[in-house]
Amino acid sequence: MTIRTRFAPSPTGYLHIGGARTALFSWLYARRHGGTFILRIEDTDLERSTAESVNAILEGMTWLGLEYDEGPFYQTERFDRYKEVIQQLLDGGHAYHCYCTREELDEMRAGQMERKEKPRYDGRCRHRAEPRAGVPPVVRFKNPDEGAVVIDDIVRGQVVFQNRELDDLIIARSDGSPTYNLTVVVDDLDMGITHVIRGEDHLNNTPRQINILQALGAHLPRYAHLSMIHGADGAKLSKRHGAVSFMQYRDDGFLPEALLNYLVRLGWSHGDQEVFSIDEMIELFDIDHVSHSASAFNPDKLLWLNHHYLMHADPLHVAHHLRWHLGQRGIDPAQGPDAADMVAVQRERCKTLVEMADASVFFYREFAHYEEKAAKKNLTTETAPVLRALAAALESLHDWNKEALHQAVTNVAETLGVKLGSVAQPVRVAVSGTSVSPPIDATLELLGREKTLARLRRAVQHIGEGAA
RNA sequence: GUCCCCAUCGUCUAGCGGUCCAGGACUCCGCCCUCUCACGGCGGCAACAGGGGUUCGAAACCCCUUGGGGACGCCA
C-alpha cells in the first residue's frame, strides 16, 4: 500500500508554527515511506477564507521546501461532489433535514449549560418529517446513539468515545453548502488518504468523521494526532506571539533549514541528536518517537539553530539569502565584496541574516557617523599617529591579502611599541565606524585598499577637527 | 460544566522495569582562548507534580488527586 498523507489548512489566517509543523510531519511521513504528499485548501468557509491566506500558505510551503505531489486542491471546487455524498447519506437514512431555528438551538444550549450538561443537539428533528414554512433546513448526520468509537491513534494509542457523547452534526448548511466534517471525510476518502496526520485539536472530530465514513461504508484511514505547540509563555500560540505569517521568519533573517530543524525537534526526537539535515529527517522520522505532550515555542533555541546553519551551511547558499537581505537595505551586493566571502567572515558573530546584513553594510556603503562611544575612545590625538603609520604602510603594501595585512598591522604595533589591540581597535573604528567587526586583517582585506585608505585618512582628519 | 488528551531541569527532550543519587541541547553563570564582537574549549546551576498500589526492584506499569491543554458553532 502506498502511503498518502495530506496537509489541509484552511485559508482563514496565515501559516503559523503549528501549521508548519503539521505540514512538515505529514510531508516527512510521506517522504520517509516513499508515499505521496497532498496539499488541500479547506476553503468552504466563504466568509473567512481569503486569497491572501492561500498565497501565504503556498509561499510558506515553497520557502520551507515542502513540495507537494498533488494539489493544491480547493474544496470550493468540489461542491458538486459533496452534494452528491450528502444526498447519498440522506437516501441511505444516515442523514435528515433539520428545521430548528438558531433561536431554538441557542435556547437548547443555554438550558443544557445551566443544567451543567454538555451542549449538544438533542435530535428533535430526527422524527419531525414535515418542513416548516420559512425555515430553510440544514442537513444533519444521524450519529449512532449507542456503542462507542475506538480510535487506534498512532501517537496516542487507543482513544474511546461513547456515541452518546456525540450529537447529530450539521453536514450541510441551510444554503446547501457542506461543512468541515463532511468535506474532510469525502476528500480523505476520494483522495485515498491512508494517514491523517493533524493537530490534536481535531481528536474530538475524529469519532464523528469515523461514523460518517462508516455510514458511507468506507475503509478507515489511520490517524495520528500531534500535540499542540504553545507560545514561549506557555499560553496558546496565537497571532499575538509574533510571527503572524510564517514568512516573518524569512524577513527576520532565518534560514528555512533552521526552521525545519527546529520544527522537527518540537515534538519529535531521535535520541540526543539535535541537528538534522533534510535527508536525515526523511531517513529517521518515525511516529513512534513523536511526543505525547504539548510543547512550548523557544525562540532562543531557534536562534541557536539558525546560527548553527549560518556557520555550517555552504557559504554560497547562505550568500544567496544574504544578498536578499542586503537588497532589502537598498544595497547592490555586486557593488562590493562577494557575498560568499562576506558570509565567511561574518557568520560566526551573527545569529540571523538580518544581523549579518546590518553588520556588513559598511563594506558596501560609506557610513555617515562614527559610533559616538567608540570614536571617543579610539579616535584620539593619541591614536592619530597609529592610523597615519598604518595608512603609510598599507599604501605601499604589495599584496592586499589577509596575511600581508596582518603582518602590516603587527609591524606598526611593534614599531610604535604598543599592543596589537591598540592598533586594531582604532583602525576598526576608522574603517567601520563601530567597535565591532570581523578580525581586522579580514576586514581590511574585504574592504579593499581604496576604501581602507580613504577611511583611515578620513578618521585622521576627523581627529584633527576634534582637536582644533 | 461534560467529554477527550497530556504530565522528566525555565524550555526542547533521552529514558520503552534494574546499567539513572536521571543523560543531551537551548538559556544562564564561572574559567580559558582573544585585536573588538563572537566562535571554540573546559566546568557549573537546574527535573522524574503529589499520593496510593503492582514488583525482589519503578522516572518507567495500574489507580486516584492535582495541574495544564483541547473539544463542545449553519468555523475549520
# chains A, B, ... in the order shown; residues from 1 in each chain; ligands from 1
$ residues_around --residues "C72 (chain B)" --least-positions-apart "3" --cutoff "12 Å" --atoms "only C-alpha atoms (C1' of nucleotides)" --output "short mmCIF file (atom, residue, chain, number, x, y, z; two decimals) with all heavy atoms, in the first residue's frame"
data_model
loop_
_atom_site.label_atom_id
_atom_site.label_comp_id
_atom_site.auth_asym_id
_atom_site.auth_seq_id
_atom_site.Cartn_x
_atom_site.Cartn_y
_atom_site.Cartn_z
N ARG A 109 -29.15 25.04 24.00
CA ARG A 109 -27.78 25.07 24.54
C ARG A 109 -27.73 25.75 25.91
O ARG A 109 -27.11 25.25 26.83
CB ARG A 109 -26.84 25.78 23.58
CG ARG A 109 -26.09 24.84 22.66
CD ARG A 109 -24.97 25.57 21.95
NE ARG A 109 -25.47 26.40 20.84
CZ ARG A 109 -25.68 25.94 19.62
NH1 ARG A 109 -25.45 24.68 19.33
NH2 ARG A 109 -26.13 26.73 18.68
N GLN A 112 -29.01 23.49 28.54
CA GLN A 112 -28.07 22.41 28.86
C GLN A 112 -26.91 22.91 29.71
O GLN A 112 -26.49 22.26 30.66
CB GLN A 112 -27.55 21.78 27.56
CG GLN A 112 -28.59 20.92 26.86
CD GLN A 112 -28.27 20.67 25.41
OE1 GLN A 112 -27.60 21.46 24.77
NE2 GLN A 112 -28.77 19.57 24.87
N MET A 113 -26.41 24.07 29.37
CA MET A 113 -25.30 24.66 30.12
C MET A 113 -25.73 24.88 31.56
O MET A 113 -24.97 24.60 32.50
CB MET A 113 -24.88 25.99 29.50
CG MET A 113 -24.35 25.89 28.09
SD MET A 113 -22.64 25.36 28.00
CE MET A 113 -21.87 26.91 27.62
N GLU A 117 -24.82 20.28 31.63
CA GLU A 117 -24.70 19.18 30.69
C GLU A 117 -23.84 19.65 29.54
O GLU A 117 -23.64 20.84 29.34
CB GLU A 117 -26.09 18.79 30.15
CG GLU A 117 -26.96 18.07 31.15
CD GLU A 117 -28.41 17.98 30.68
OE1 GLU A 117 -28.66 18.24 29.49
OE2 GLU A 117 -29.29 17.68 31.52
N LYS A 118 -23.37 18.68 28.78
CA LYS A 118 -22.57 19.02 27.62
C LYS A 118 -23.52 19.55 26.54
O LYS A 118 -24.52 18.89 26.23
CB LYS A 118 -21.89 17.76 27.12
CG LYS A 118 -20.97 17.95 25.95
CD LYS A 118 -20.38 16.59 25.61
CE LYS A 118 -19.22 16.72 24.65
NZ LYS A 118 -18.49 15.45 24.61
N PRO A 119 -23.30 20.73 26.00
CA PRO A 119 -24.20 21.27 24.98
C PRO A 119 -24.18 20.38 23.74
O PRO A 119 -23.12 20.12 23.19
CB PRO A 119 -23.61 22.64 24.67
CG PRO A 119 -22.52 22.87 25.65
CD PRO A 119 -22.16 21.58 26.25
N ARG A 120 -25.34 19.87 23.37
CA ARG A 120 -25.38 19.04 22.18
C ARG A 120 -26.79 19.04 21.60
O ARG A 120 -27.77 19.25 22.32
CB ARG A 120 -24.94 17.62 22.49
CG ARG A 120 -25.71 16.96 23.62
CD ARG A 120 -25.00 15.73 24.15
NE ARG A 120 -24.99 14.61 23.22
CZ ARG A 120 -26.06 13.86 22.92
NH1 ARG A 120 -27.21 14.12 23.49
NH2 ARG A 120 -25.96 12.86 22.08
N TYR A 121 -26.87 18.82 20.32
CA TYR A 121 -28.18 18.80 19.66
C TYR A 121 -28.93 17.55 20.11
O TYR A 121 -28.37 16.44 20.11
CB TYR A 121 -27.98 18.80 18.14
CG TYR A 121 -29.30 18.81 17.41
CD1 TYR A 121 -30.15 19.90 17.53
CD2 TYR A 121 -29.69 17.73 16.63
CE1 TYR A 121 -31.37 19.91 16.89
CE2 TYR A 121 -30.91 17.73 15.98
CZ TYR A 121 -31.75 18.83 16.11
OH TYR A 121 -32.96 18.83 15.47
N GLU A 165 -22.05 10.58 23.66
CA GLU A 165 -21.43 11.89 23.88
C GLU A 165 -21.51 12.76 22.63
O GLU A 165 -21.30 13.97 22.68
CB GLU A 165 -19.95 11.73 24.27
CG GLU A 165 -19.70 11.02 25.58
CD GLU A 165 -20.18 11.85 26.75
OE1 GLU A 165 -20.31 13.09 26.62
OE2 GLU A 165 -20.45 11.25 27.81
N LEU A 166 -21.74 12.11 21.52
CA LEU A 166 -21.75 12.82 20.25
C LEU A 166 -23.18 13.22 19.88
O LEU A 166 -24.14 12.63 20.35
CB LEU A 166 -21.21 11.89 19.16
CG LEU A 166 -19.70 11.78 18.92
CD1 LEU A 166 -18.87 12.17 20.12
CD2 LEU A 166 -19.33 10.39 18.42
N ASP A 167 -23.30 14.23 19.04
CA ASP A 167 -24.65 14.58 18.59
C ASP A 167 -24.73 14.57 17.07
O ASP A 167 -23.78 14.22 16.38
CB ASP A 167 -25.08 15.93 19.18
CG ASP A 167 -24.20 17.06 18.70
OD1 ASP A 167 -23.24 16.80 17.96
OD2 ASP A 167 -24.47 18.22 19.08
N LEU A 169 -24.38 16.10 14.00
CA LEU A 169 -23.74 17.32 13.49
C LEU A 169 -24.30 17.74 12.14
O LEU A 169 -24.79 16.91 11.36
CB LEU A 169 -22.24 17.13 13.41
CG LEU A 169 -21.67 16.26 12.30
CD1 LEU A 169 -20.19 16.47 12.17
CD2 LEU A 169 -21.98 14.80 12.52
N ASP A 201 -6.16 19.20 18.23
CA ASP A 201 -7.45 19.87 18.33
C ASP A 201 -8.51 19.16 17.48
O ASP A 201 -9.70 19.42 17.64
CB ASP A 201 -7.34 21.35 17.95
CG ASP A 201 -6.56 21.58 16.68
OD1 ASP A 201 -5.82 20.69 16.25
OD2 ASP A 201 -6.70 22.66 16.09
N ASN A 204 -11.18 15.36 18.76
CA ASN A 204 -12.60 15.27 19.07
C ASN A 204 -13.49 15.15 17.83
O ASN A 204 -14.63 14.73 17.92
CB ASN A 204 -13.05 16.51 19.86
CG ASN A 204 -12.42 16.52 21.24
OD1 ASN A 204 -12.82 15.77 22.11
ND2 ASN A 204 -11.41 17.35 21.41
N ASN A 205 -12.96 15.57 16.69
CA ASN A 205 -13.74 15.45 15.46
C ASN A 205 -13.65 14.04 14.89
O ASN A 205 -14.50 13.63 14.10
CB ASN A 205 -13.20 16.41 14.40
CG ASN A 205 -13.57 17.85 14.69
OD1 ASN A 205 -14.67 18.13 15.13
ND2 ASN A 205 -12.65 18.76 14.47
P G B 1 -15.99 22.75 36.67
OP1 G B 1 -15.94 22.36 38.05
OP2 G B 1 -14.86 22.55 35.79
"O5'" G B 1 -17.26 22.09 35.95
"C5'" G B 1 -18.51 21.98 36.63
"C4'" G B 1 -19.54 21.53 35.64
"O4'" G B 1 -19.76 22.60 34.69
"C3'" G B 1 -19.12 20.34 34.79
"O3'" G B 1 -19.43 19.13 35.46
"C2'" G B 1 -19.95 20.52 33.52
"O2'" G B 1 -21.27 20.08 33.70
"C1'" G B 1 -19.95 22.05 33.38
N9 G B 1 -18.90 22.60 32.51
C8 G B 1 -17.85 23.37 32.90
N7 G B 1 -17.09 23.75 31.91
C5 G B 1 -17.69 23.19 30.79
C6 G B 1 -17.31 23.25 29.43
O6 G B 1 -16.36 23.86 28.92
N1 G B 1 -18.18 22.52 28.61
C2 G B 1 -19.26 21.82 29.07
N2 G B 1 -19.97 21.18 28.13
N3 G B 1 -19.63 21.76 30.35
C4 G B 1 -18.81 22.46 31.14
P U B 2 -18.49 17.83 35.36
OP1 U B 2 -19.01 16.81 36.30
OP2 U B 2 -17.09 18.28 35.43
"O5'" U B 2 -18.77 17.31 33.87
"C5'" U B 2 -20.00 16.64 33.56
"C4'" U B 2 -20.05 16.35 32.09
"O4'" U B 2 -20.05 17.61 31.37
"C3'" U B 2 -18.82 15.63 31.54
"O3'" U B 2 -18.95 14.23 31.72
"C2'" U B 2 -18.87 16.00 30.07
"O2'" U B 2 -19.85 15.28 29.37
"C1'" U B 2 -19.32 17.48 30.15
N1 U B 2 -18.19 18.43 30.17
C2 U B 2 -17.64 18.79 28.95
O2 U B 2 -18.02 18.34 27.89
N3 U B 2 -16.61 19.70 29.03
C4 U B 2 -16.09 20.27 30.17
O4 U B 2 -15.17 21.08 30.08
C5 U B 2 -16.71 19.83 31.39
C6 U B 2 -17.71 18.95 31.35
P C B 3 -17.63 13.34 31.98
OP1 C B 3 -18.07 11.99 32.39
OP2 C B 3 -16.69 14.12 32.82
"O5'" C B 3 -17.01 13.24 30.51
"C5'" C B 3 -17.65 12.43 29.52
"C4'" C B 3 -17.04 12.73 28.18
"O4'" C B 3 -17.18 14.15 27.89
"C3'" C B 3 -15.54 12.49 28.07
"O3'" C B 3 -15.24 11.13 27.82
"C2'" C B 3 -15.19 13.37 26.88
"O2'" C B 3 -15.57 12.77 25.66
"C1'" C B 3 -16.06 14.59 27.13
N1 C B 3 -15.37 15.64 27.89
C2 C B 3 -14.53 16.52 27.19
O2 C B 3 -14.41 16.39 25.97
N3 C B 3 -13.88 17.50 27.86
C4 C B 3 -14.04 17.61 29.20
N4 C B 3 -13.38 18.59 29.81
C5 C B 3 -14.88 16.73 29.92
C6 C B 3 -15.51 15.77 29.24
P C B 4 -13.87 10.53 28.36
OP1 C B 4 -13.92 9.07 28.13
OP2 C B 4 -13.56 11.05 29.70
"O5'" C B 4 -12.83 11.17 27.34
"C5'" C B 4 -12.81 10.77 25.97
"C4'" C B 4 -11.80 11.61 25.23
"O4'" C B 4 -12.19 13.00 25.29
"C3'" C B 4 -10.39 11.61 25.81
"O3'" C B 4 -9.66 10.47 25.45
"C2'" C B 4 -9.83 12.88 25.17
"O2'" C B 4 -9.53 12.68 23.81
"C1'" C B 4 -11.02 13.82 25.29
N1 C B 4 -10.97 14.61 26.54
C2 C B 4 -10.14 15.73 26.58
O2 C B 4 -9.47 16.02 25.58
N3 C B 4 -10.08 16.46 27.71
C4 C B 4 -10.79 16.12 28.78
N4 C B 4 -10.70 16.87 29.88
C5 C B 4 -11.65 14.97 28.76
C6 C B 4 -11.71 14.25 27.64
#
$ residues_around --residues "C5 (chain B)" --least-positions-apart "2" --cutoff "12 Å" --atoms "only C-alpha atoms (C1' of nucleotides)" --output "number ranges by chain"
A: 153, 155-160, 199-204, 225-228, 292-294; B: 3, 7, 68-71
$ interface_residues --of "chain A" --to "chain B" --cutoff "6 Å" --atoms "only C-alpha atoms (C1' of nucleotides)" --output "number ranges by chain"
A: 116-118, 173, 201, 204, 271-272, 293, 301, 348-349, 420-421, 424, 435-436
$ write_last_selection --atoms "N, CA and C atoms" --output "JSON list (two decimals), in the first residue's frame"
[["chain", "number", "residue", "atom", "x", "y", "z"],
["A", 116, "LYS", "N", -25.63, 22.03, 33.60],
["A", 116, "LYS", "CA", -24.27, 21.51, 33.61],
["A", 116, "LYS", "C", -24.11, 20.26, 32.75],
["A", 117, "GLU", "N", -24.82, 20.28, 31.63],
["A", 117, "GLU", "CA", -24.70, 19.18, 30.69],
["A", 117, "GLU", "C", -23.84, 19.65, 29.54],
["A", 118, "LYS", "N", -23.37, 18.68, 28.78],
["A", 118, "LYS", "CA", -22.57, 19.02, 27.62],
["A", 118, "LYS", "C", -23.52, 19.55, 26.54],
["A", 173, "ARG", "N", -25.19, 23.26, 5.37],
["A", 173, "ARG", "CA", -25.82, 24.46, 5.91],
["A", 173, "ARG", "C", -27.15, 24.70, 5.21],
["A", 201, "ASP", "N", -6.16, 19.20, 18.23],
["A", 201, "ASP", "CA", -7.45, 19.87, 18.33],
["A", 201, "ASP", "C", -8.51, 19.16, 17.48],
["A", 204, "ASN", "N", -11.18, 15.36, 18.76],
["A", 204, "ASN", "CA", -12.60, 15.27, 19.07],
["A", 204, "ASN", "C", -13.49, 15.15, 17.83],
["A", 271, "GLY", "N", 16.91, 10.11, 19.88],
["A", 271, "GLY", "CA", 17.96, 10.08, 20.88],
["A", 271, "GLY", "C", 18.37, 11.48, 21.26],
["A", 272, "ASP", "N", 19.67, 11.71, 21.31],
["A", 272, "ASP", "CA", 20.18, 13.01, 21.72],
["A", 272, "ASP", "C", 20.49, 13.93, 20.54],
["A", 293, "SER", "N", 3.07, 15.06, 24.63],
["A", 293, "SER", "CA", 2.71, 16.27, 25.34],
["A", 293, "SER", "C", 2.95, 17.52, 24.51],
["A", 301, "LYS", "N", 16.31, 28.81, 21.15],
["A", 301, "LYS", "CA", 16.85, 27.62, 20.52],
["A", 301, "LYS", "C", 16.79, 27.73, 18.99],
["A", 348, "GLU", "N", 30.29, 33.81, 12.12],
["A", 348, "GLU", "CA", 30.43, 33.34, 13.50],
["A", 348, "GLU", "C", 29.85, 34.32, 14.52],
["A", 349, "ARG", "N", 29.67, 35.55, 14.12],
["A", 349, "ARG", "CA", 29.14, 36.52, 15.09],
["A", 349, "ARG", "C", 27.70, 36.95, 14.81],
["A", 420, "LEU", "N", 48.88, 44.91, 20.02],
["A", 420, "LEU", "CA", 48.14, 44.76, 18.77],
["A", 420, "LEU", "C", 46.77, 45.44, 18.84],
["A", 421, "GLY", "N", 46.12, 45.28, 19.98],
["A", 421, "GLY", "CA", 44.80, 45.85, 20.15],
["A", 421, "GLY", "C", 44.80, 47.37, 20.03],
["A", 424, "ALA", "N", 44.67, 47.71, 16.22],
["A", 424, "ALA", "CA", 43.49, 47.11, 15.58],
["A", 424, "ALA", "C", 42.19, 47.85, 15.90],
["A", 435, "SER", "N", 32.70, 49.65, 16.89],
["A", 435, "SER", "CA", 33.73, 48.94, 17.64],
["A", 435, "SER", "C", 33.71, 47.43, 17.39],
["A", 436, "VAL", "N", 32.82, 47.01, 16.51],
["A", 436, "VAL", "CA", 32.72, 45.58, 16.23],
["A", 436, "VAL", "C", 32.83, 45.30, 14.73]]
$ residues_around --residues "G50 (chain B)" --least-positions-apart "6" --cutoff "12 Å" --atoms "only C-alpha atoms (C1' of nucleotides)" --output "list of chain:residue names"
B:A7, B:C64, B:U65, B:U66, B:G67
$ residues_around --residues "Met281 (chain A)" --least-positions-apart "3" --cutoff "12 Å" --atoms "only C-alpha atoms (C1' of nucleotides)" --output "list of chain:residue names"
A:Leu24, A:Phe25, A:Trp27, A:Leu28, A:Tyr29, A:Ala30, A:Arg31, A:Arg32, A:Glu257, A:Leu260, A:Asn261, A:Tyr262, A:Leu263, A:Val264, A:Arg265, A:Trp268, A:Ser269, A:His270, A:Gln273, A:Glu274, A:Val275, A:Phe276, A:Ser277, A:Ile278, A:Leu284, A:Phe285, A:Asp286
$ select_by_dssp --residues "region 279-338 of chain A" --states "helix (DSSP H, G or I)" --output "PyMOL selection string"
chain A and resi 279-284+287-289+299-312+315-328
$ atom_distance --atom1 "CA of Arg140 (chain A)" --atom2 "CA of Ile170 (chain A)"
4.3 Å
$ residues_around --residues "region 12-16 of chain A" --least-positions-apart "4" --cutoff "12 Å" --atoms "only C-alpha atoms (C1' of nucleotides)" --output "PyMOL selection string"
(chain A and resi 7-8+20-23+41-64+229-231+237-249+259+263+297) or (chain B and resi 75-76)
$ atom_distance --atom1 "C1' of U55 (chain B)" --atom2 "CA of His289 (chain A)"
27.4 Å
$ atom_distance --atom1 "CA of Ala413 (chain A)" --atom2 "CA of Leu387 (chain A)"
10.7 Å
$ select_by_dssp --residues "region 116-170 of chain A" --states "strand (DSSP E)" --output "VMD selection string"
chain A and resid 138 to 141 148 to 153 157 to 162 170
$ residues_around --residues "C48 (chain B)" --least-positions-apart "2" --cutoff "9 Å" --atoms "only C-alpha atoms (C1' of nucleotides)" --output "list in words"
U8, A22 and A59 of chain B
